[in-house]
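Data block below; observations after.
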Amino acid sequence: MKTTLANHFLMSAEETKSADVWAVEHGMSLLDLMEQAGRSVAEAVVDYAEKPESFPGEIVMLCGPGNNGGDGYVAARYLSEWGYHVHVMRAVEDISPQSPEASAMALRWTGSVGEFDHERASSASIIVDALFGVGLSRALEGQYADIIEVSNQCDVFRIAIDVPSGLNADTGNQLGEICFVADATITFSRRKPGHLIAPGRFLSGGLGHIRLADIGIPQGFFDANPAILFENDPAIWSSVYPHAGPYSHKYDRGHMLVLGGREPALGASRLASIAGLRIGAGLVTLAAPSETYNVQASTLTDIMVRRMDSNFGFIGMLADQRINTVLLGPGAGVGEKTAELIFETLNKNKKLVLDADALTSLAGRLPQLQSVGMKELVLTPHEGEFARLFPELPFSADRLKAVQMAAKQTGAVVALKGVSTIVAAPDGRSVINACAPAWLSVGGTGDVLAGITAGLIAQDMPVFEATCAAVWLHSQAAMKAGKGMIASDLLNTLVAVLP
């Protein structure tokens, strides 16, 4: 089934608050928004429960002092009206909700209510976390932490409203030592970055159980605040994907040049070269040092292999105007010579993808990179390479913000690889990829990704969209290959997932 771009818009915690404010300023009431949110939660709970007459136990609603708690009271009311046994539990300090809207919804709840009861929670069938929403910015402490800890230990189905309490909605990190572990999450209007960035994705129940509910925020808010943050999906980039036409020939599809390395990393540049060809680049050339030329030339029957014995020789290849995209890094070696080739390639006005050794060689040279000016450049670091390149950016605290800052600082598209790969453009557009399987974490897969990226860019796909597409296709190829895959398996399964 095709999806639309709007299905993949994400919004920050601050944008979520702004949406509520905008709705109220344009004629809606917070009570109406809360009523719709609570009903949506109740409908989602019903989807996970049996019919009331056969439902085996009680639904426990953990209600906090704010609007998240108000949503919980509304959900409890609907579930009770539909025939379910519902009991509201509150922390001792939350006997009276602090939010006026939550107070109003608490008064409309006429069912069972009391302080948190460990024994009763343990015997429930479903626990719904309505303690805190996206606005929480501090670690859970005291009775709240105890409630969450006991709830996580209960053998029940756990559902979170908006985000699990204790989770940072923007970063996907826990705010402290304890966080509600949900089997499913119901959120509103748009999903939040923390729903996709690990570990938040797993604390929220996984992608298949992070449900989105429309609570009536007017479209005017979204029109006035166009999205620049997305979940990665073909809807983001399919309109500019380079499909070969009936009159296409190889010279229409770009020529990609890959710098080959020396032992023991010969396979890295081979994987990257073949990946570029598989994704549709019309021609791929591997520049191989003399001592590896025979090995590479006899192995790569579909790739043009040219002998290269110095940087001067590689720079000479760049004079070929048909070569429009260069990949530096896989097995290239770390040092001054690789760094020199980076800047020579940019000065030749070639599109460039930097990975692996090229990124390490670039460490400490970012000011020089920034001085080059306008460029079509992609950096694809893993966490270690990112830390060396951008030591001042604390990516462990806020992965998304760090990648966005790195892209703005360098003027390049930056793809920070990992469980939740994040791609950011200098203009602020960002994508979170949440579909990569765990078995993709094996040597050589990054070389394949770099080759796919360069191959798409060689076909004149815009660099941001090309990088997003490469990350998504790379993940899908890994899913197709299955557990136990090795990097070269991706070269075959990639064909099966091409759009």
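Identifiers in the structure tokens: chain A, B, ... in order shown; residue index from 1 per chain; ligand index from 1 in order shown.
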* Which polymer residues have any atom within 8 Å of an atom of Thr187 in chain A, counting only C-alpha atoms, with same-chain residues fewer than 4 positions away left out, as an MDAnalysis selection string? -> chainID A and resid 161:163 191 210:213
* Asked: Can you list, as a list in words, every protein, DNA or RNA residue that comes within 7 Å of Ala76 in chain A when you count only C-alpha atoms, leaving out same-chain residues fewer than 4 positions away?
  ->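 Once the nearby chain positions are removed, what remains is Met61, Gly72, Ser80 and Val86 of chain A.
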What would the file look like if the residues just selected were written as a PDB file, in the first residue's frame with C-alpha atoms?
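Output below, filename again.pdb:
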ATOM      1  CA  MET A  61      -5.229   3.831  34.256  1.00  0.00           C
ATOM      2  CA  GLY A  72      -6.338   9.166  30.897  1.00  0.00           C
ATOM      3  CA  SER A  80     -16.152   2.149  31.376  1.00  0.00           C
ATOM      4  CA  VAL A  86     -11.470   0.372  34.794  1.00  0.00           C
TER       5      VAL A  86
END
* Which residue, A:His243, A:Ala496, A:Ala130, A:Phe395, has the smallest gap to Ala481 in chain A when you use only C-alpha atoms? ->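 For Ala481 in chain A, the nearest of the given residues is A:Ala496.
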* To do: Can you work out which one of A:Gly260, A:Pro426, A:Gly200, A:Gly220 has the shortest atom-to-atom distance to Leu328 in chain A, counting only C-alpha atoms?
  =>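 Answer, going by the shortest atom-to-atom distance: A:Gly260.
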* DSSP strand (DSSP E or B) selection over range 179-343 of chain A, as a PyMOL selection string -> chain A and resi 184-188+191+210-213+229-231+255-259+283-288+304-307+325-328
* To do: Just the residues within 10 Å of range 223-238 of chain A, please, counting only C-alpha atoms, with nothing from its chain fewer than 3 positions along; format it as a PyMOL selection string.
  => chain A and resi 2-12+15+18-19+191-193+196+218-220+241-243+400+421-425+427-435+461-462+464-469+471-473+499
* Residue neighbourhood range 351-361 of chain A, 9 Å, only C-alpha atoms, exclusion window fewer than 6 positions, as a ChimeraX atom specification -> /A:324-339,342,345,375-382,385-386,388-389,446-447,450-451,453-454,457-458,463
Selection file, N, CA and C atoms, as an mmCIF file, in the first residue's frame:
data_model
loop_
_atom_site.group_PDB
_atom_site.id
_atom_site.type_symbol
_atom_site.label_atom_id
_atom_site.label_comp_id
_atom_site.auth_asym_id
_atom_site.auth_seq_id
_atom_site.Cartn_x
_atom_site.Cartn_y
_atom_site.Cartn_z
ATOM 1 N N ASN A 324 31.295 12.105 -12.824
ATOM 2 C CA ASN A 324 30.599 13.176 -12.114
ATOM 3 C C ASN A 324 30.507 12.959 -10.605
ATOM 4 N N THR A 325 30.810 11.741 -10.143
ATOM 5 C CA THR A 325 30.670 11.431 -8.718
ATOM 6 C C THR A 325 31.840 10.577 -8.267
ATOM 7 N N VAL A 326 32.371 10.891 -7.087
ATOM 8 C CA VAL A 326 33.535 10.191 -6.555
ATOM 9 C C VAL A 326 33.204 9.668 -5.160
ATOM 10 N N LEU A 327 33.639 8.450 -4.901
ATOM 11 C CA LEU A 327 33.515 7.849 -3.569
ATOM 12 C C LEU A 327 34.908 7.620 -3.014
ATOM 13 N N LEU A 328 35.186 8.244 -1.890
ATOM 14 C CA LEU A 328 36.471 8.082 -1.217
ATOM 15 C C LEU A 328 36.253 7.504 0.172
ATOM 16 N N GLY A 329 37.052 6.514 0.525
ATOM 17 C CA GLY A 329 37.006 6.031 1.901
ATOM 18 C C GLY A 329 37.106 4.551 2.105
ATOM 19 N N PRO A 330 36.272 3.738 1.470
ATOM 20 C CA PRO A 330 36.310 2.294 1.750
ATOM 21 C C PRO A 330 37.675 1.677 1.436
ATOM 22 N N GLY A 331 38.417 1.345 2.476
ATOM 23 C CA GLY A 331 39.721 0.728 2.304
ATOM 24 C C GLY A 331 40.787 1.653 1.771
ATOM 25 N N ALA A 332 40.548 2.972 1.803
ATOM 26 C CA ALA A 332 41.463 3.913 1.154
ATOM 27 C C ALA A 332 42.729 4.173 1.951
ATOM 28 N N GLY A 333 42.701 3.939 3.265
ATOM 29 C CA GLY A 333 43.826 4.260 4.115
ATOM 30 C C GLY A 333 43.653 5.629 4.744
ATOM 31 N N VAL A 334 44.179 5.769 5.947
ATOM 32 C CA VAL A 334 44.038 7.015 6.702
ATOM 33 C C VAL A 334 45.316 7.839 6.591
ATOM 34 N N GLY A 335 45.179 9.132 6.325
ATOM 35 C CA GLY A 335 46.373 9.963 6.304
ATOM 36 C C GLY A 335 46.266 11.169 5.407
ATOM 37 N N GLU A 336 47.381 11.834 5.247
ATOM 38 C CA GLU A 336 47.457 13.088 4.516
ATOM 39 C C GLU A 336 47.090 12.913 3.040
ATOM 40 N N LYS A 337 47.501 11.784 2.448
ATOM 41 C CA LYS A 337 47.229 11.582 1.019
ATOM 42 C C LYS A 337 45.734 11.480 0.746
ATOM 43 N N THR A 338 45.026 10.769 1.613
ATOM 44 C CA THR A 338 43.576 10.658 1.435
ATOM 45 C C THR A 338 42.917 12.018 1.637
ATOM 46 N N ALA A 339 43.354 12.775 2.645
ATOM 47 C CA ALA A 339 42.806 14.106 2.881
ATOM 48 C C ALA A 339 43.040 15.014 1.670
ATOM 49 N N ILE A 342 40.513 14.407 -1.017
ATOM 50 C CA ILE A 342 39.188 14.961 -0.714
ATOM 51 C C ILE A 342 39.070 16.374 -1.279
ATOM 52 N N THR A 345 39.261 16.647 -5.135
ATOM 53 C CA THR A 345 38.004 16.239 -5.765
ATOM 54 C C THR A 345 36.968 17.356 -5.683
ATOM 55 N N LYS A 375 29.022 22.876 -2.492
ATOM 56 C CA LYS A 375 29.454 21.552 -2.910
ATOM 57 C C LYS A 375 28.318 20.558 -2.732
ATOM 58 N N GLU A 376 28.383 19.474 -3.501
ATOM 59 C CA GLU A 376 27.453 18.364 -3.329
ATOM 60 C C GLU A 376 28.241 17.250 -2.646
ATOM 61 N N LEU A 377 28.092 17.212 -1.331
ATOM 62 C CA LEU A 377 28.948 16.373 -0.504
ATOM 63 C C LEU A 377 28.110 15.608 0.505
ATOM 64 N N VAL A 378 28.447 14.324 0.696
ATOM 65 C CA VAL A 378 27.774 13.481 1.678
ATOM 66 C C VAL A 378 28.821 12.857 2.592
ATOM 67 N N LEU A 379 28.579 12.943 3.880
ATOM 68 C CA LEU A 379 29.420 12.278 4.881
ATOM 69 C C LEU A 379 28.598 11.163 5.509
ATOM 70 N N THR A 380 29.181 9.957 5.620
ATOM 71 C CA THR A 380 28.427 8.820 6.158
ATOM 72 C C THR A 380 29.175 8.176 7.335
ATOM 73 N N PRO A 381 29.333 8.898 8.440
ATOM 74 C CA PRO A 381 30.095 8.343 9.568
ATOM 75 C C PRO A 381 29.279 7.383 10.437
ATOM 76 N N HIS A 382 29.975 6.421 11.044
ATOM 77 C CA HIS A 382 29.382 5.711 12.178
ATOM 78 C C HIS A 382 29.722 6.523 13.426
ATOM 79 N N GLU A 385 33.458 7.529 14.036
ATOM 80 C CA GLU A 385 33.944 8.516 13.074
ATOM 81 C C GLU A 385 33.303 9.879 13.331
ATOM 82 N N PHE A 386 32.029 9.875 13.686
ATOM 83 C CA PHE A 386 31.357 11.135 13.994
ATOM 84 C C PHE A 386 32.030 11.827 15.185
ATOM 85 N N ARG A 388 35.093 11.579 16.151
ATOM 86 C CA ARG A 388 36.394 12.124 15.761
ATOM 87 C C ARG A 388 36.242 13.391 14.919
ATOM 88 N N LEU A 389 35.231 13.414 14.061
ATOM 89 C CA LEU A 389 35.014 14.572 13.205
ATOM 90 C C LEU A 389 34.447 15.762 13.956
ATOM 91 N N GLY A 446 28.625 -0.960 5.606
ATOM 92 C CA GLY A 446 28.778 0.475 5.403
ATOM 93 C C GLY A 446 29.373 0.800 4.042
ATOM 94 N N ASP A 447 30.252 -0.060 3.538
ATOM 95 C CA ASP A 447 30.821 0.132 2.210
ATOM 96 C C ASP A 447 29.739 0.007 1.135
ATOM 97 N N ALA A 450 27.656 3.195 1.201
ATOM 98 C CA ALA A 450 28.357 4.293 0.540
ATOM 99 C C ALA A 450 28.266 4.156 -0.980
ATOM 100 N N GLY A 451 28.392 2.927 -1.478
ATOM 101 C CA GLY A 451 28.297 2.698 -2.917
ATOM 102 C C GLY A 451 26.904 2.984 -3.461
ATOM 103 N N THR A 453 24.752 5.075 -2.167
ATOM 104 C CA THR A 453 24.583 6.526 -2.107
ATOM 105 C C THR A 453 25.245 7.206 -3.295
ATOM 106 N N ALA A 454 26.503 6.852 -3.546
ATOM 107 C CA ALA A 454 27.231 7.463 -4.659
ATOM 108 C C ALA A 454 26.602 7.107 -6.000
ATOM 109 N N ILE A 457 23.577 9.327 -6.531
ATOM 110 C CA ILE A 457 23.988 10.709 -6.801
ATOM 111 C C ILE A 457 24.565 10.829 -8.211
ATOM 112 N N ALA A 458 25.273 9.792 -8.656
ATOM 113 C CA ALA A 458 25.826 9.806 -10.016
ATOM 114 C C ALA A 458 24.731 9.938 -11.064
ATOM 115 N N VAL A 463 21.251 15.206 -3.521
ATOM 116 C CA VAL A 463 22.078 14.486 -2.558
ATOM 117 C C VAL A 463 21.329 14.108 -1.277
#
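The space between CA of Ile126 in chain A and CA of Leu30 in chain A spans 27.1 Å.
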* Nearest residue to Leu62 in chain A from the set A:Val156, A:Leu366, A:Ala91, A:Leu286 (distances using only C-alpha atoms) ->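 Smallest separation from Leu62 in chain A among the options: A:Ala91.
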* Distance of CA of Leu131 in chain A from CA of Ala13 in chain A, expressed in Å to one decimal place ->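 Rounded to one decimal, the two atoms are 16.1 Å apart.
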